[in-house]
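Text of the file start_20.cif, holding mmCIF, C-alpha atoms:
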data_input
loop_
_atom_site.group_PDB
_atom_site.id
_atom_site.type_symbol
_atom_site.label_atom_id
_atom_site.label_comp_id
_atom_site.auth_asym_id
_atom_site.auth_seq_id
_atom_site.Cartn_x
_atom_site.Cartn_y
_atom_site.Cartn_z
ATOM 1 C CA MET A 1 0.000 0.000 0.000
ATOM 2 C CA ASN A 2 1.294 3.424 -0.921
ATOM 3 C CA ILE A 3 0.602 6.235 1.518
ATOM 4 C CA GLU A 4 1.347 9.815 0.608
ATOM 5 C CA ARG A 5 3.824 11.511 2.895
ATOM 6 C CA HIS A 6 1.388 14.161 4.119
ATOM 7 C CA VAL A 7 -0.943 11.387 5.303
ATOM 8 C CA ILE A 8 1.866 9.654 7.190
ATOM 9 C CA GLU A 9 2.735 12.993 8.785
ATOM 10 C CA ALA A 10 -0.906 13.668 9.692
ATOM 11 C CA MET A 11 -1.186 10.231 11.307
ATOM 12 C CA LEU A 12 1.948 10.850 13.329
ATOM 13 C CA ALA A 13 0.750 14.282 14.416
ATOM 14 C CA ALA A 14 -2.606 12.842 15.483
ATOM 15 C CA ALA A 15 -0.890 10.023 17.390
ATOM 16 C CA ARG A 16 1.422 12.438 19.212
ATOM 17 C CA LYS A 17 -1.407 14.860 19.967
ATOM 18 C CA ALA A 18 -3.553 12.111 21.506
ATOM 19 C CA ALA A 19 -0.775 10.320 23.408
ATOM 20 C CA PRO A 20 -0.893 8.715 25.889
ATOM 21 C CA LEU A 21 -4.366 7.921 24.534
ATOM 22 C CA GLU A 22 -4.899 5.983 21.324
ATOM 23 C CA ALA A 23 -5.855 7.964 18.237
ATOM 24 C CA CYS A 24 -7.807 6.728 15.229
ATOM 25 C CA GLY A 25 -8.889 7.688 11.752
ATOM 26 C CA LEU A 26 -9.734 6.605 8.235
ATOM 27 C CA CYS A 27 -7.731 6.772 5.025
ATOM 28 C CA GLY A 28 -9.134 7.418 1.602
ATOM 29 C CA GLY A 29 -7.547 6.927 -1.761
ATOM 30 C CA ARG A 30 -7.678 5.002 -4.968
ATOM 31 C CA ASP A 31 -5.680 2.310 -6.736
ATOM 32 C CA GLY A 32 -3.880 1.340 -3.542
ATOM 33 C CA ARG A 33 -2.615 4.858 -2.921
ATOM 34 C CA VAL A 34 -3.786 6.684 0.195
ATOM 35 C CA SER A 35 -4.102 10.406 -0.399
ATOM 36 C CA ARG A 36 -6.456 11.642 2.287
ATOM 37 C CA PHE A 37 -6.546 11.240 6.056
ATOM 38 C CA TYR A 38 -9.574 11.693 8.298
ATOM 39 C CA GLU A 39 -8.765 12.041 11.962
ATOM 40 C CA LEU A 40 -11.689 10.726 13.997
ATOM 41 C CA ALA A 41 -12.436 10.956 17.694
ATOM 42 C CA ASN A 42 -11.575 8.007 19.888
ATOM 43 C CA ALA A 43 -14.886 7.613 21.674
ATOM 44 C CA ASP A 44 -13.195 5.436 24.289
ATOM 45 C CA ALA A 45 -10.605 8.143 25.102
ATOM 46 C CA SER A 46 -8.392 5.319 26.297
ATOM 47 C CA ARG A 47 -4.709 4.423 26.422
ATOM 48 C CA GLU A 48 -5.601 0.855 25.479
ATOM 49 C CA HIS A 49 -8.638 1.019 23.198
ATOM 50 C CA TYR A 50 -10.108 2.961 20.366
ATOM 51 C CA ARG A 51 -13.636 3.130 19.062
ATOM 52 C CA MET A 52 -14.838 5.309 16.210
ATOM 53 C CA LEU A 53 -18.126 7.174 16.294
ATOM 54 C CA PRO A 54 -20.539 5.993 13.587
ATOM 55 C CA ALA A 55 -21.566 9.526 12.640
ATOM 56 C CA GLU A 56 -17.922 10.409 11.967
ATOM 57 C CA GLN A 57 -17.348 7.160 10.085
ATOM 58 C CA PHE A 58 -20.303 7.854 7.785
ATOM 59 C CA ALA A 59 -19.255 11.464 7.232
ATOM 60 C CA ALA A 60 -15.719 10.455 6.295
ATOM 61 C CA VAL A 61 -16.803 7.715 3.918
ATOM 62 C CA LYS A 62 -19.313 10.000 2.215
ATOM 63 C CA ASP A 63 -16.644 12.666 1.791
ATOM 64 C CA MET A 64 -14.347 10.076 0.221
ATOM 65 C CA ARG A 65 -17.088 9.037 -2.163
ATOM 66 C CA ALA A 66 -17.746 12.659 -3.142
ATOM 67 C CA ARG A 67 -14.056 13.012 -3.984
ATOM 68 C CA GLY A 68 -13.953 9.828 -6.012
ATOM 69 C CA LEU A 69 -11.987 8.027 -3.318
ATOM 70 C CA GLY A 70 -12.628 4.824 -1.445
ATOM 71 C CA LEU A 71 -11.936 3.631 2.073
ATOM 72 C CA LEU A 72 -8.498 2.048 1.819
ATOM 73 C CA ALA A 73 -7.367 1.885 5.440
ATOM 74 C CA ILE A 74 -8.512 2.037 9.033
ATOM 75 C CA TRP A 75 -5.850 3.665 11.165
ATOM 76 C CA HIS A 76 -5.074 3.815 14.863
ATOM 77 C CA SER A 77 -2.095 4.483 17.059
ATOM 78 C CA HIS A 78 -0.347 2.387 19.665
ATOM 79 C CA PRO A 79 1.167 4.958 22.028
ATOM 80 C CA GLU A 80 3.253 2.490 23.991
ATOM 81 C CA THR A 81 3.265 -0.828 22.154
ATOM 82 C CA PRO A 82 4.662 -2.002 18.801
ATOM 83 C CA ALA A 83 2.855 -1.618 15.480
ATOM 84 C CA ARG A 84 1.215 -5.029 15.457
ATOM 85 C CA MET A 85 -2.349 -6.290 15.466
ATOM 86 C CA SER A 86 -3.305 -7.090 19.042
ATOM 87 C CA GLU A 87 -5.755 -9.862 19.865
ATOM 88 C CA GLU A 88 -8.459 -7.267 20.358
ATOM 89 C CA ASP A 89 -7.594 -5.552 17.084
ATOM 90 C CA LEU A 90 -7.995 -8.904 15.369
ATOM 91 C CA ARG A 91 -11.210 -9.802 17.122
ATOM 92 C CA LEU A 92 -12.785 -6.481 16.127
ATOM 93 C CA ALA A 93 -11.467 -6.350 12.560
ATOM 94 C CA TYR A 94 -14.856 -6.731 10.902
ATOM 95 C CA THR A 95 -14.057 -4.688 7.813
ATOM 96 C CA THR A 96 -12.167 -7.222 5.750
ATOM 97 C CA ASP A 97 -11.844 -5.329 2.480
ATOM 98 C CA THR A 98 -9.479 -2.748 3.878
ATOM 99 C CA VAL A 99 -6.026 -2.454 5.413
ATOM 100 C CA TYR A 100 -5.478 -1.824 9.102
ATOM 101 C CA VAL A 101 -2.664 0.675 9.543
ATOM 102 C CA ILE A 102 -1.007 1.189 12.926
ATOM 103 C CA THR A 103 1.408 3.918 13.945
ATOM 104 C CA SER A 104 3.491 3.002 16.981
ATOM 105 C CA LEU A 105 5.072 5.567 19.265
ATOM 106 C CA ALA A 106 6.797 2.882 21.341
ATOM 107 C CA ALA A 107 10.085 4.364 20.184
ATOM 108 C CA PRO A 108 9.167 8.071 20.280
ATOM 109 C CA ASP A 109 12.104 9.170 18.149
ATOM 110 C CA ALA A 110 11.545 6.434 15.582
ATOM 111 C CA PRO A 111 7.790 6.016 15.046
ATOM 112 C CA ASP A 112 6.816 2.916 13.133
ATOM 113 C CA VAL A 113 3.991 2.434 10.629
ATOM 114 C CA LYS A 114 2.771 -0.966 9.522
ATOM 115 C CA GLY A 115 -0.171 -2.261 7.540
ATOM 116 C CA PHE A 116 -2.164 -5.446 7.974
ATOM 117 C CA ARG A 117 -4.974 -7.240 6.239
ATOM 118 C CA VAL A 118 -7.209 -9.590 8.206
ATOM 119 C CA LEU A 119 -8.961 -12.482 6.518
ATOM 120 C CA GLU A 120 -10.884 -15.014 8.573
ATOM 121 C CA GLY A 121 -8.783 -14.313 11.626
ATOM 122 C CA CYS A 122 -5.461 -14.564 9.824
ATOM 123 C CA VAL A 123 -3.195 -11.534 9.625
ATOM 124 C CA GLU A 124 -1.175 -10.698 6.575
ATOM 125 C CA VAL A 125 1.382 -7.917 6.643
ATOM 126 C CA VAL A 126 0.784 -5.300 3.969
ATOM 127 C CA PRO A 127 3.978 -3.424 3.148
ATOM 128 C CA VAL A 128 3.573 0.329 3.527
ATOM 129 C CA GLU A 129 5.497 2.522 1.155
ATOM 130 C CA ILE A 130 5.679 6.253 1.727
ATOM 131 C CA VAL A 131 5.272 8.136 -1.521
ATOM 132 C CA GLU A 132 5.563 11.795 -2.236
ATOM 133 C CA THR A 133 2.388 13.816 -2.167
ATOM 134 C CA GLU A 134 0.791 14.554 -5.507
ATOM 135 C CA GLY A 135 -0.591 18.030 -6.082
ATOM 136 C CA THR A 136 -1.805 19.773 -2.937
ATOM 137 C CA GLY A 137 -2.545 16.654 -0.944
ATOM 138 C CA GLU A 138 -6.178 17.658 -1.086
ATOM 139 C CA SER A 139 -7.229 15.166 -3.773
ATOM 140 C CA MET B 7 -37.650 -1.235 -5.382
ATOM 141 C CA LYS B 8 -34.493 0.745 -5.852
ATOM 142 C CA LEU B 9 -32.301 1.682 -2.915
ATOM 143 C CA THR B 10 -29.087 3.652 -2.841
ATOM 144 C CA ILE B 11 -26.799 1.482 -0.741
ATOM 145 C CA ASN B 12 -23.442 2.933 0.200
ATOM 146 C CA GLY B 13 -23.742 5.297 -2.732
ATOM 147 C CA ALA B 14 -24.709 2.754 -5.374
ATOM 148 C CA VAL B 15 -28.233 2.154 -6.697
ATOM 149 C CA LYS B 16 -29.307 -1.439 -6.062
ATOM 150 C CA GLU B 17 -32.472 -3.434 -6.582
ATOM 151 C CA ALA B 18 -34.072 -4.935 -3.508
ATOM 152 C CA PRO B 19 -37.338 -6.739 -2.797
ATOM 153 C CA ASP B 20 -40.263 -4.551 -1.783
ATOM 154 C CA ALA B 21 -41.320 -4.157 1.861
ATOM 155 C CA LEU B 22 -37.914 -5.149 3.161
ATOM 156 C CA SER B 23 -36.906 -4.284 6.701
ATOM 157 C CA VAL B 24 -33.383 -3.157 7.505
ATOM 158 C CA THR B 25 -32.727 -6.595 9.001
ATOM 159 C CA GLY B 26 -34.082 -8.113 5.806
ATOM 160 C CA LEU B 27 -31.831 -5.918 3.703
ATOM 161 C CA LEU B 28 -28.744 -7.002 5.647
ATOM 162 C CA GLU B 29 -29.767 -10.615 5.080
ATOM 163 C CA HIS B 30 -30.547 -9.965 1.416
ATOM 164 C CA ARG B 31 -27.118 -8.394 0.963
ATOM 165 C CA GLN B 32 -25.562 -11.336 2.822
ATOM 166 C CA VAL B 33 -23.865 -8.990 5.261
ATOM 167 C CA LYS B 34 -21.735 -11.004 7.634
ATOM 168 C CA MET B 35 -21.922 -10.295 11.371
ATOM 169 C CA PRO B 36 -24.906 -7.929 11.065
ATOM 170 C CA ASP B 37 -24.833 -7.335 14.823
ATOM 171 C CA MET B 38 -21.659 -5.323 14.278
ATOM 172 C CA VAL B 39 -23.111 -3.105 11.555
ATOM 173 C CA THR B 40 -24.318 0.449 12.038
ATOM 174 C CA VAL B 41 -27.013 1.591 9.629
ATOM 175 C CA GLU B 42 -27.860 5.080 8.498
ATOM 176 C CA LEU B 43 -31.182 5.574 6.724
ATOM 177 C CA ASN B 44 -31.708 8.810 4.796
ATOM 178 C CA GLY B 45 -29.069 10.513 6.904
ATOM 179 C CA VAL B 46 -30.280 9.266 10.295
ATOM 180 C CA ILE B 47 -28.435 6.597 12.266
ATOM 181 C CA LEU B 48 -30.855 3.883 13.325
ATOM 182 C CA GLU B 49 -31.053 2.245 16.711
ATOM 183 C CA ARG B 50 -30.189 -1.419 16.381
ATOM 184 C CA GLY B 51 -33.461 -2.357 18.048
ATOM 185 C CA ASP B 52 -35.342 -0.710 15.176
ATOM 186 C CA PHE B 53 -33.686 -2.690 12.370
ATOM 187 C CA GLY B 54 -36.415 -5.321 12.321
ATOM 188 C CA THR B 55 -39.333 -2.904 12.329
ATOM 189 C CA THR B 56 -38.000 -0.239 9.980
ATOM 190 C CA VAL B 57 -39.402 -0.963 6.534
ATOM 191 C CA LEU B 58 -37.528 0.483 3.597
ATOM 192 C CA GLN B 59 -39.180 2.488 0.855
ATOM 193 C CA ASP B 60 -38.326 2.862 -2.804
ATOM 194 C CA GLY B 61 -35.645 5.547 -3.167
ATOM 195 C CA ASP B 62 -34.294 5.270 0.360
ATOM 196 C CA ARG B 63 -30.615 5.965 0.940
ATOM 197 C CA VAL B 64 -29.009 3.355 3.151
ATOM 198 C CA GLU B 65 -25.468 3.378 4.435
ATOM 199 C CA PHE B 66 -23.915 0.679 6.508
ATOM 200 C CA LEU B 67 -20.512 0.313 8.080
ATOM 201 C CA TYR B 68 -18.993 -2.110 10.523
ATOM 202 C CA PHE B 69 -18.014 -1.172 14.028
ATOM 203 C CA MET B 70 -14.436 0.094 13.942
ATOM 204 C CA GLY B 71 -12.373 -0.222 17.061
ATOM 205 C CA GLY B 72 -9.688 -2.197 18.800
ATOM 206 C CA GLY B 73 -7.255 -2.283 21.637
ATOM 207 C CA ARG B 74 -3.828 -3.338 22.646
ATOM 208 C CA GLU B 75 -4.695 -6.578 24.431
#
Can you turn what I pasted into structure tokens?
Amino acid sequence: MNIERHVIEAMLAAARKAAPLEACGLCGGRDGRVSRFYELANADASREHYRMLPAEQFAAVKDMRARGLGLLAIWHSHPETPARMSEEDLRLAYTTDTVYVITSLAAPDAPDVKGFRVLEGCVEVVPVEIVETEGTGES
Amino acid sequence: MKLTINGAVKEAPDALSVTGLLEHRQVKMPDMVTVELNGVILERGDFGTTVLQDGDRVEFLYFMGGGRE
């Protein structure tokens, strides 16, 4: 999965802003390239959990559709643990046609970003490549 | 009848409830789906009694959340 640099930077900023709580959001794009980031509220406001608000989920997905984009990734941060799918992440990964992207702040000076796909309880690592932003980053 | 489901126009049987639509669309784990009908998020308890009308706009998304354990 290709993620434009401004999206990676927005994820990192959201993760750092929310820390020590988890942050979350959605990523829109097309053809496997993420070009737009939607920071959503973590309704759990927790260091260990995240939960998106349906109204914000719907608004983000509709905005993507209006821009000709699709939902490519579901993002959250791990403020203190590595960028891996936890058991709870796996158990709650109901949206199977997307990539789960995690930004870890476990090493604050070297944040890590990884992608995962979940199919029938099995996790597959999806390589994340940072690509330069096209245009204004407002596609 | 015609419904707009997640932005795409689809055919569906008449007099279908929201629960019926989720079954018709073969949505897996419907208990984890949130439904918006014509811009209003429905209470889960109303899925079975809310009957869809021709031209309705229906959005559904899965619960999105997780945790570190």
- request: Starting from chain A, keep only residues with some atom at most 8 Å from an atom of chain B, counting only C-alpha atoms, and report them as a list in words.
  value: Glu48, His49, Tyr50, Arg51, Met52, Pro54, Ala55, Gln57, Phe58, Arg65, Ile74, His78, Thr81, Met85, Ser86, Glu87, Glu88, Asp89, Leu90, Arg91, Leu92, Ala93, Tyr94 and Thr95 of chain A
| Test item: the PyMOL selection byres ((chain A and resi 39) around 8) resolved as a VMD selection string | chain A and resid 11 14 24 to 26 37 to 38 40 to 41
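Comparing the minimum interatomic distances between Lys16 of chain B and each of B:Asp37, B:Glu49, B:Glu29, B:Asp60, counting all atoms listed in the file, we find that B:Asp60 sits nearest.
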Contacts of segment 21-27 of chain B within 9 Å, all atoms listed in the file, excl. fewer than 5 positions in-chain, as a PyMOL selection string:
chain B and resi 7+32-33+36+41+52-60+64
Answer key for the PyMOL selection byres ((chain A and resi 3-7) around 7), residues as a CSV table (one decimal) with C-alpha atoms, in the frame of the given file:
chain,number,residue,atom,x,y,z
A,1,MET,CA,0.0,0.0,0.0
A,2,ASN,CA,1.3,3.4,-0.9
A,8,ILE,CA,1.9,9.7,7.2
A,9,GLU,CA,2.7,13.0,8.8
A,10,ALA,CA,-0.9,13.7,9.7
A,11,MET,CA,-1.2,10.2,11.3
A,33,ARG,CA,-2.6,4.9,-2.9
A,34,VAL,CA,-3.8,6.7,0.2
A,35,SER,CA,-4.1,10.4,-0.4
A,36,ARG,CA,-6.5,11.6,2.3
A,37,PHE,CA,-6.5,11.2,6.1
A,128,VAL,CA,3.6,0.3,3.5
A,129,GLU,CA,5.5,2.5,1.2
A,130,ILE,CA,5.7,6.3,1.7
A,131,VAL,CA,5.3,8.1,-1.5
A,132,GLU,CA,5.6,11.8,-2.2
A,133,THR,CA,2.4,13.8,-2.2
A,137,GLY,CA,-2.5,16.7,-0.9
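Atom CA of Leu69 of chain A is positioned 5.5 Å from atom CA of Arg30 of chain A.
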- Task: Give as number ranges by chain the residues that the PyMOL selection byres ((chain A and resi 98-112) around 9) matches when applied to the coordinates above.
- Result: A: 1, 8, 11-12, 15-16, 19, 71-85, 93, 95-97, 113-118, 126, 128
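Atom CA of Val15 of chain B is found 22.6 Å from atom CA of Asp31 of chain A.
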Residue with the minimum atom-to-atom distance to Pro127 of chain A, picked from A:Lys62, A:Leu53, A:Gly32, A:Asn42 with all atoms listed in the file counted, is A:Gly32
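For the pair atom CA of Asn44 of chain B and atom CA of Ala43 of chain A, the interatomic distance is 23.9 Å.
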Box for segment 28-47 of chain A - axis-aligned, 4 Å on each of the six sides, all listed atoms - centre and size in Å to one decimal, as lines of an AutoDock Vina configuration file.
center_x = -8.8
center_y = 6.7
center_z = 9.8
size_x = 20.3
size_y = 18.7
size_z = 41.2
Fill-in result for segment 55-72 of chain A, N, CA and C atoms as an mmCIF file, keeping the file's coordinate frame:
data_model
loop_
_atom_site.group_PDB
_atom_site.id
_atom_site.type_symbol
_atom_site.label_atom_id
_atom_site.label_comp_id
_atom_site.auth_asym_id
_atom_site.auth_seq_id
_atom_site.Cartn_x
_atom_site.Cartn_y
_atom_site.Cartn_z
ATOM 1 N N ALA A 55 -21.251 8.319 13.412
ATOM 2 C CA ALA A 55 -21.566 9.526 12.640
ATOM 3 C C ALA A 55 -20.316 10.040 11.926
ATOM 4 N N GLU A 56 -19.170 9.947 12.590
ATOM 5 C CA GLU A 56 -17.922 10.409 11.967
ATOM 6 C C GLU A 56 -17.469 9.433 10.877
ATOM 7 N N GLN A 57 -17.690 8.145 11.116
ATOM 8 C CA GLN A 57 -17.348 7.160 10.085
ATOM 9 C C GLN A 57 -18.143 7.441 8.806
ATOM 10 N N PHE A 58 -19.458 7.615 8.965
ATOM 11 C CA PHE A 58 -20.303 7.854 7.785
ATOM 12 C C PHE A 58 -19.885 9.144 7.074
ATOM 13 N N ALA A 59 -19.623 10.182 7.848
ATOM 14 C CA ALA A 59 -19.255 11.464 7.232
ATOM 15 C C ALA A 59 -17.960 11.331 6.436
ATOM 16 N N ALA A 60 -16.994 10.621 6.992
ATOM 17 C CA ALA A 60 -15.719 10.455 6.295
ATOM 18 C C ALA A 60 -15.893 9.655 5.012
ATOM 19 N N VAL A 61 -16.633 8.569 5.101
ATOM 20 C CA VAL A 61 -16.803 7.715 3.918
ATOM 21 C C VAL A 61 -17.578 8.445 2.824
ATOM 22 N N LYS A 62 -18.563 9.233 3.222
ATOM 23 C CA LYS A 62 -19.313 10.000 2.215
ATOM 24 C C LYS A 62 -18.420 11.056 1.562
ATOM 25 N N ASP A 63 -17.557 11.673 2.361
ATOM 26 C CA ASP A 63 -16.644 12.666 1.791
ATOM 27 C C ASP A 63 -15.696 11.998 0.790
ATOM 28 N N MET A 64 -15.207 10.819 1.160
ATOM 29 C CA MET A 64 -14.347 10.076 0.221
ATOM 30 C C MET A 64 -15.087 9.835 -1.092
ATOM 31 N N ARG A 65 -16.307 9.361 -0.971
ATOM 32 C CA ARG A 65 -17.088 9.037 -2.163
ATOM 33 C C ARG A 65 -17.269 10.280 -3.034
ATOM 34 N N ALA A 66 -17.543 11.406 -2.398
ATOM 35 C CA ALA A 66 -17.746 12.659 -3.142
ATOM 36 C C ALA A 66 -16.480 13.078 -3.876
ATOM 37 N N ARG A 67 -15.337 12.659 -3.368
ATOM 38 C CA ARG A 67 -14.056 13.012 -3.984
ATOM 39 C C ARG A 67 -13.545 11.932 -4.933
ATOM 40 N N GLY A 68 -14.370 10.911 -5.125
ATOM 41 C CA GLY A 68 -13.953 9.828 -6.012
ATOM 42 C C GLY A 68 -12.947 8.890 -5.375
ATOM 43 N N LEU A 69 -12.917 8.894 -4.048
ATOM 44 C CA LEU A 69 -11.987 8.027 -3.318
ATOM 45 C C LEU A 69 -12.763 6.907 -2.644
ATOM 46 N N GLY A 70 -12.025 5.911 -2.201
ATOM 47 C CA GLY A 70 -12.628 4.824 -1.445
ATOM 48 C C GLY A 70 -11.924 4.666 -0.110
ATOM 49 N N LEU A 71 -12.543 3.907 0.773
ATOM 50 C CA LEU A 71 -11.936 3.631 2.073
ATOM 51 C C LEU A 71 -10.854 2.570 1.871
ATOM 52 N N LEU A 72 -9.610 2.986 2.028
ATOM 53 C CA LEU A 72 -8.498 2.048 1.819
ATOM 54 C C LEU A 72 -7.914 1.537 3.125
#
